[in-house]
Structures are given as C-alpha cells and as structure tokens.
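> Below is the structure I would like to discuss, written out as structure tokens.
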Protein chains: 2
Amino acid sequence: MAAINKNTPPLSRLEQKEKTRRKLIDTALRLSASKSFSSLSLREVATGAGITAAGFYRHFESMEDLGLVLMDEVGLSLRQLLRQTRRDRAPMPRREAVALSVQAYIDYIRNNPGLFQLLLGERVGGTPKFRRALHQELEYFKQELASDLVELQKQYGPPLRNAEHTAEAIIALFFVVGAEALDMDKKSINSLSSRLIEEIMMVFRGSEQ
Amino acid sequence: MAAINKNTPPLSRLEQKEKTRRKLIDTALRLSASKSFSSLSLREVATGAGITAAGFYRHFESMEDLGLVLMDEVGLSLRQLLRQTRRDRAPMPRREAVALSVQAYIDYIRNNPGLFQLLLGERVGGTPKFRRALHQELEYFKQELASDLVELQKQYGPPLRNAEHTAEAIIALFFVVGAEALDMDKKSINSLSSRLIEEIMMVFRGSEQ
DNA sequence: AATTTGAGTATACAGGTGTTTACTGAAAAA
DNA sequence: TTTTTCAGTAAACACCTGTATACTCAAATT
C-alpha cells in the first residue's frame, strides 16, 4: 500500500483535451453504426460526447473535418488488420489462406459496424472532399493487396496476368459482401463467408496466365 | 386549321394529380444527383415540384414512401436496359459482347446520375425498409444476369462452374466501377470501361470448368 | 503571486425540419 | 343545379440545426 497516487491521475490540460477529442470521435463512430455519417448532426455528436455544441469547435472546425479524421482511422485499422492476416499465416494451401483473410474481414465488420458503414456509406452522397479521401483509401487497399498478391504468387502459384486488376476485383467482392454482412444475423454469416471464398477463388483462377 | 383543340388539353383531375406526382418523383431524382436521397427534405422536394409541403401528403405519406417508389423505377429501368443490351446483339465474340453491355451501363450512369446514386447511396445508412428493397433489386439483377449467362454459355463457351457466383462477382464489379464513374470526367471514362471489361473477362475465365 | 491561456458553458439567433389544422375553389357526381 | 370530393394552400406548431457571442474558472506561464 505504498503508492495509491495513480487512482486519480491529475490530467494535464492537453491530456484532458485529447480525452474529449477521443470521446467525440468515438461518439461519431458509435452513432455511425445506426445511421449514415452525413446524417449525423454536430449537436448530437457533441452532446453524445458530453460537451456542448459550441465546445465541439475547440476540436474540429466542422463535421466534415471530423469525418476525414474518422476516415483515416477506419482505413488504417482495416488495412492493417488485413495486411497482418496475410503476413502472419504460415504457408498453407491457397484456399485456406483466403479463408483466413475472409474470416478476419467479416469478424472486423461485425465487431465494428460503425467503422465499416462510414467507409461504405459516404461513397456516394458525401461531400467531394469526403469522396476523394475515401477513394484514396480504396487505392491504398488495392495497392497493398496487389503487392501481396505478387509476393504470394511468386511462392506458390503461376504468375498473375495483371495483379492490379485482380486486386480490384477482389476488393469489389469484399465490399459488396461487406455491405450484406451488416444486415445479416449471425447464422447466415457462414454461408456468406464461403460464398466470398468461392468467388475470390474464381477470380484467382481467372487471373492466372 | 381544323382541329386546334389539342393545344390546351383540359386536364382531368386524375391527370393533373398524376402530373404532380411525376413532378415530385422527378424532382427527388434530380436532387438525388447532387446529394444522397436520405439527406433530402420533404419540403425541398415539394417546393421543387411546385407545391407546398402539406400538399406532398396527398401523394406520399413520407419521404421513405417516395423513396421506395423511386427505387422500383430505378431498378426496373436499369435492369431492362441491361437485359435489352444482352438480347439485342447479334452473335459476336464474347469480349465484344461484354464491351457492349459495359458501354450501355456506363452511358446509363452518366446520363442518369440521380438514379444510380439512389441505388448506391442508400445501400448503407438508409432505413431498413429501404435497404431491403435495395437488396431485392440486387437479387433481381443477379438472377437475370445468371440466367442470361447460362444461356450465353450454352451457345458459345464452356459451361460455368457456378452461374450465380459468376453473376454476383460481375455485379460487384459493375457497382464498384459505377461508383467511380460518377466522379470522373468524360475522358477518363474510357480507361474505366476497358478496365471493367478486362476484369469481367477475368471472372469469366475463372468461372469456366 | 500575478497574469495569460484556453477548454468548455450558457444563451441567443435566424433558419430549416416534419406534421397538423382549417381553408379554398374547381372538377366530378348527384 | 346542387352537393360532394379532394388537390393544393396558408399558417402555425414544436423542435432541431449550425454558428456566434460573451462568459467562467482552472491549468500553465511568467
């Protein structure tokens, strides 16, 4: 019972501000799970985070500003997850490798509906800035997947005709299936996963020289 | 100079009502080209159609109601266009047949941005009813394409492993590329078309037994 | 110890929102 | 010709929106 001085950490001003900022971000994310980001109001986000509407401006200059920050976070975390899944696995048959990535992806969506809806929901209808940011995220996805595919096929399979096209097609599948996953109950998810796996395998076959 | 009695047709009450209803629908469609349908207000649609907000209720009981009607129209017209394109063509090499459909599709999107944004924009974030209606439309798309694919391959190519999966993958590609087409200038569209064609061909190859 | 800084508050503003109410006036029905 | 119907109006409602202003009061700086 020597040091109990950590139970009420004397938050510095900066720490406190950062804490509030995170609360704003998390609130926006939480609310995004049940409606589109663009239909969120500044006031409800501020109130949800426990501050007044005017206080919001100490952290972001507009909802769009907050949205762009969110977009960064979402894109980054999802890309890291997928990269990690692709890297961490031991050598295994291609279909099983695909299945692993698909599973990680679906789990992510189910556990972070707000994040994913943000990525999908503003693809159309958001502000131009927003769409551009989203487009950039998708570009990253594509490039990372393409380079991983090249790597992978070097080791295991015949070379690809066109890694970029392959990556684009696979990402298209991921997104469409992701949108469906949001609305499904837990027991339908399995068939969705295996469908996605099959379709990705189909793309793989078609992409080989 | 016998019959000039058609220059001021004496609109019956029903005709007049129908005319206003169409104006509401068309206005909603027009406004959907520049923002998402769910961020449209009842008032601006009514005003845009030349009636007061209260008058709106003589035609639809809510914006969601109007939205569902819109969804039907959009889905129907786009599906008809695509079916027609697939049917009308003379026998031709597969790649060219694909190119024809892709061209018709891209043209449609460019000429009817409001329609297409409606289809895409409410996929996430819309009301549950809305999403269900959208899901149904996509199901129609898939089934029609799948049955056309079976037909096509009977004549020209090796049979498909799984026509449904093939159709799903192709539709996923269509939608992702469609979303990109909305934001592009006219001269970038060509490369988008050929990219889509290549990716569809890739799926075809992978789908053959 | 005195001063400055700045996160968050309280309040007010002008304007937009969906919905309800009683109404008008012309077409349709009697 | 009289009566009924009903698309559309006008006005009011309670509420929500983003933003600006002047403020508090504690932490950080001097």
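Residue numbering restarts at 1 for every chain of the structure tokens, chains are lettered A, B, ... in their displayed order, and ligands are numbered from 1 as they appear.
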For chain D, list the residues within 10 Å of chain A, counting only C-alpha atoms (C1' of nucleotides), and write the list as a compact mmCIF listing (two decimals) with C-alpha atoms (C1' of nucleotides), in the first residue's frame.


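What landed in out09.txt:
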```
# COMPACT_ATOMS: atom_id res chain seq x y z
C1' DC D 16 -33.72 20.68 -34.37
C1' DT D 17 -29.99 22.68 -36.93
C1' DG D 18 -25.08 25.31 -37.27
C1' DT D 19 -22.84 29.21 -35.59
C1' DA D 20 -21.50 33.48 -32.85
C1' DA D 26 -8.69 26.06 -13.60
C1' DA D 27 -4.20 24.97 -15.53
C1' DA D 28 0.04 26.79 -17.37
```

> Considering only C-alpha atoms (C1' of nucleotides), give me a table of residues in chain C that are at most 10 Å from chain B, with the closest atom pair and distance in Å for each, as CSV.


```
residue,atom,partner,partner_atom,distance
C:DG16,C1',B:Arg43,CA,9.3
C:DT17,C1',B:Ser41,CA,7.7
C:DG18,C1',B:Leu42,CA,7.8
C:DT19,C1',B:Ala54,CA,8.1
C:DT20,C1',B:Ala54,CA,9.1
C:DA26,C1',B:Arg13,CA,9.5
C:DA27,C1',B:Arg13,CA,6.5
C:DA28,C1',B:Arg13,CA,8.6
```

> Taking only C-alpha atoms into account, report as JSON, numbers by chain which residues of chain B lie within 8 Å of chain A.

{"B": [34, 35, 36, 38, 39, 117, 120, 121, 122, 123, 124, 125, 126, 165, 166, 169, 172, 173, 176, 179, 195, 198, 199, 201, 202, 203, 204, 205, 206, 207]}

> Quick one: write out the picked residues with N, CA and C atoms as a PDB file, in the first residue's frame?


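Result saved to again12.pdb:
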```
ATOM      1  N   SER B  34     -27.139  15.308 -56.707  1.00  0.00           N
ATOM      2  CA  SER B  34     -26.087  16.082 -56.046  1.00  0.00           C
ATOM      3  C   SER B  34     -26.006  15.865 -54.541  1.00  0.00           C
ATOM      4  N   LYS B  35     -26.903  15.078 -53.989  1.00  0.00           N
ATOM      5  CA  LYS B  35     -26.798  14.711 -52.582  1.00  0.00           C
ATOM      6  C   LYS B  35     -27.510  13.385 -52.375  1.00  0.00           C
ATOM      7  N   SER B  36     -27.264  12.749 -51.241  1.00  0.00           N
ATOM      8  CA  SER B  36     -27.898  11.456 -51.037  1.00  0.00           C
ATOM      9  C   SER B  36     -29.385  11.627 -50.765  1.00  0.00           C
ATOM     10  N   SER B  38     -31.297  10.244 -48.666  1.00  0.00           N
ATOM     11  CA  SER B  38     -31.678  10.331 -47.256  1.00  0.00           C
ATOM     12  C   SER B  38     -31.419  11.710 -46.652  1.00  0.00           C
ATOM     13  N   SER B  39     -30.669  12.536 -47.349  1.00  0.00           N
ATOM     14  CA  SER B  39     -30.463  13.879 -46.822  1.00  0.00           C
ATOM     15  C   SER B  39     -31.359  14.895 -47.531  1.00  0.00           C
ATOM     16  N   GLN B 117     -27.160   7.022 -58.128  1.00  0.00           N
ATOM     17  CA  GLN B 117     -26.784   7.382 -56.764  1.00  0.00           C
ATOM     18  C   GLN B 117     -27.807   6.878 -55.773  1.00  0.00           C
ATOM     19  N   LEU B 120     -27.083   3.264 -55.171  1.00  0.00           N
ATOM     20  CA  LEU B 120     -25.879   3.010 -54.389  1.00  0.00           C
ATOM     21  C   LEU B 120     -25.885   3.655 -53.023  1.00  0.00           C
ATOM     22  N   GLY B 121     -26.439   4.867 -52.983  1.00  0.00           N
ATOM     23  CA  GLY B 121     -26.261   5.689 -51.793  1.00  0.00           C
ATOM     24  C   GLY B 121     -26.986   5.188 -50.566  1.00  0.00           C
ATOM     25  N   GLU B 122     -28.070   4.472 -50.783  1.00  0.00           N
ATOM     26  CA  GLU B 122     -28.858   4.052 -49.627  1.00  0.00           C
ATOM     27  C   GLU B 122     -28.557   2.626 -49.214  1.00  0.00           C
ATOM     28  N   ARG B 123     -27.529   2.093 -49.825  1.00  0.00           N
ATOM     29  CA  ARG B 123     -27.152   0.718 -49.520  1.00  0.00           C
ATOM     30  C   ARG B 123     -26.769   0.577 -48.059  1.00  0.00           C
ATOM     31  N   VAL B 124     -26.165   1.619 -47.569  1.00  0.00           N
ATOM     32  CA  VAL B 124     -25.800   1.660 -46.161  1.00  0.00           C
ATOM     33  C   VAL B 124     -26.372   2.959 -45.612  1.00  0.00           C
ATOM     34  N   GLY B 125     -26.938   2.904 -44.452  1.00  0.00           N
ATOM     35  CA  GLY B 125     -27.385   4.140 -43.845  1.00  0.00           C
ATOM     36  C   GLY B 125     -28.837   4.474 -44.097  1.00  0.00           C
ATOM     37  N   GLY B 126     -29.434   3.884 -45.120  1.00  0.00           N
ATOM     38  CA  GLY B 126     -30.858   4.093 -45.345  1.00  0.00           C
ATOM     39  C   GLY B 126     -31.669   3.383 -44.273  1.00  0.00           C
ATOM     40  N   HIS B 165     -22.543 -17.489 -58.712  1.00  0.00           N
ATOM     41  CA  HIS B 165     -21.319 -16.855 -58.226  1.00  0.00           C
ATOM     42  C   HIS B 165     -20.729 -15.937 -59.295  1.00  0.00           C
ATOM     43  N   THR B 166     -20.766 -16.423 -60.512  1.00  0.00           N
ATOM     44  CA  THR B 166     -20.250 -15.600 -61.596  1.00  0.00           C
ATOM     45  C   THR B 166     -21.028 -14.290 -61.700  1.00  0.00           C
ATOM     46  N   ALA B 169     -20.193 -11.908 -58.823  1.00  0.00           N
ATOM     47  CA  ALA B 169     -18.891 -11.259 -58.965  1.00  0.00           C
ATOM     48  C   ALA B 169     -18.950 -10.153 -60.005  1.00  0.00           C
ATOM     49  N   ALA B 172     -20.773  -7.173 -58.636  1.00  0.00           N
ATOM     50  CA  ALA B 172     -19.908  -6.441 -57.698  1.00  0.00           C
ATOM     51  C   ALA B 172     -19.000  -5.498 -58.461  1.00  0.00           C
ATOM     52  N   LEU B 173     -18.426  -6.009 -59.544  1.00  0.00           N
ATOM     53  CA  LEU B 173     -17.551  -5.164 -60.359  1.00  0.00           C
ATOM     54  C   LEU B 173     -18.317  -3.982 -60.936  1.00  0.00           C
ATOM     55  N   VAL B 176     -18.927  -1.266 -58.173  1.00  0.00           N
ATOM     56  CA  VAL B 176     -17.741  -0.527 -57.747  1.00  0.00           C
ATOM     57  C   VAL B 176     -17.305   0.441 -58.842  1.00  0.00           C
ATOM     58  N   ALA B 179     -19.661   3.431 -59.148  1.00  0.00           N
ATOM     59  CA  ALA B 179     -19.442   4.471 -58.153  1.00  0.00           C
ATOM     60  C   ALA B 179     -18.286   5.374 -58.574  1.00  0.00           C
ATOM     61  N   ARG B 195     -11.045  -1.178 -68.265  1.00  0.00           N
ATOM     62  CA  ARG B 195     -10.681  -1.870 -67.038  1.00  0.00           C
ATOM     63  C   ARG B 195     -11.795  -2.826 -66.623  1.00  0.00           C
ATOM     64  N   GLU B 198     -11.881  -5.854 -68.873  1.00  0.00           N
ATOM     65  CA  GLU B 198     -10.814  -6.808 -68.539  1.00  0.00           C
ATOM     66  C   GLU B 198     -11.160  -7.623 -67.298  1.00  0.00           C
ATOM     67  N   GLU B 199     -11.691  -6.933 -66.296  1.00  0.00           N
ATOM     68  CA  GLU B 199     -11.964  -7.629 -65.038  1.00  0.00           C
ATOM     69  C   GLU B 199     -13.115  -8.613 -65.179  1.00  0.00           C
ATOM     70  N   MET B 201     -13.813 -10.175 -67.983  1.00  0.00           N
ATOM     71  CA  MET B 201     -13.240 -11.307 -68.721  1.00  0.00           C
ATOM     72  C   MET B 201     -12.466 -12.233 -67.789  1.00  0.00           C
ATOM     73  N   MET B 202     -11.809 -11.614 -66.835  1.00  0.00           N
ATOM     74  CA  MET B 202     -11.056 -12.397 -65.857  1.00  0.00           C
ATOM     75  C   MET B 202     -12.002 -13.311 -65.075  1.00  0.00           C
ATOM     76  N   VAL B 203     -13.099 -12.742 -64.647  1.00  0.00           N
ATOM     77  CA  VAL B 203     -14.081 -13.538 -63.918  1.00  0.00           C
ATOM     78  C   VAL B 203     -14.602 -14.663 -64.806  1.00  0.00           C
ATOM     79  N   PHE B 204     -14.859 -14.355 -66.056  1.00  0.00           N
ATOM     80  CA  PHE B 204     -15.349 -15.386 -66.979  1.00  0.00           C
ATOM     81  C   PHE B 204     -14.373 -16.543 -67.057  1.00  0.00           C
ATOM     82  N   ARG B 205     -13.121 -16.206 -67.264  1.00  0.00           N
ATOM     83  CA  ARG B 205     -12.126 -17.276 -67.369  1.00  0.00           C
ATOM     84  C   ARG B 205     -12.119 -18.143 -66.115  1.00  0.00           C
ATOM     85  N   GLY B 206     -12.174 -17.466 -64.977  1.00  0.00           N
ATOM     86  CA  GLY B 206     -12.123 -18.216 -63.730  1.00  0.00           C
ATOM     87  C   GLY B 206     -13.369 -19.036 -63.469  1.00  0.00           C
ATOM     88  N   SER B 207     -14.438 -18.704 -64.152  1.00  0.00           N
ATOM     89  CA  SER B 207     -15.704 -19.362 -63.858  1.00  0.00           C
ATOM     90  C   SER B 207     -15.947 -20.566 -64.748  1.00  0.00           C
TER      91      SER B 207
END
```

> To test your reading of the structure, identify every residue in region 3-165 of chain A that backbone DSSP assigns to helix (DSSP H, G or I), and report it as a PyMOL selection string.

chain A and resi 13-32+37-39+42-48+53-56+63-88+94-111+113-121+128-155+163-165

> Would you list the contacts of region 16-28 of chain B as a list of chain:residue names, taking every protein, DNA or RNA residue within 9 Å and counting only C-alpha atoms (C1' of nucleotides), but skipping same-chain residues closer than 3 positions in sequence?

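Surrounding residues, per the criterion: B:Leu11, B:Ser12, B:Arg13, B:Leu31, B:Ser32, B:Ala33, B:Phe37, B:Leu40, B:Glu44, B:Val45, B:Ala46, B:Gly48, B:Ala49, B:Gly50, B:Ile51, B:Phe56, B:His59, B:Phe60, B:Leu66, B:Gly67, B:Val69, B:Leu70, B:Gly114, D:DA7.
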
> Rounded to one decimal, what separation in Å do you get between CA of Ala146 (chain B) and CA of Ile189 (chain B)?

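According to the coordinates, CA of Ala146 (chain B) and CA of Ile189 (chain B) are separated by 26.5 Å.
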
> With a distance cut-off of 10 Å and only C-alpha atoms (C1' of nucleotides), select the neighbouring residues of region 151-157 of chain A, excluding the residue or stretch itself and same-chain residues fewer than 6 positions from it, and output the selection as JSON, numbers by chain.

{"A": [86, 87, 91, 92, 93, 94, 145, 163, 204, 208]}

> Could you work out how far CA of Gly55 (chain B) lies from C1' of DG8 (chain D), giving the answer in Å with one decimal?

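According to the coordinates, C1' of DG8 (chain D) and CA of Gly55 (chain B) are separated by 5.6 Å.
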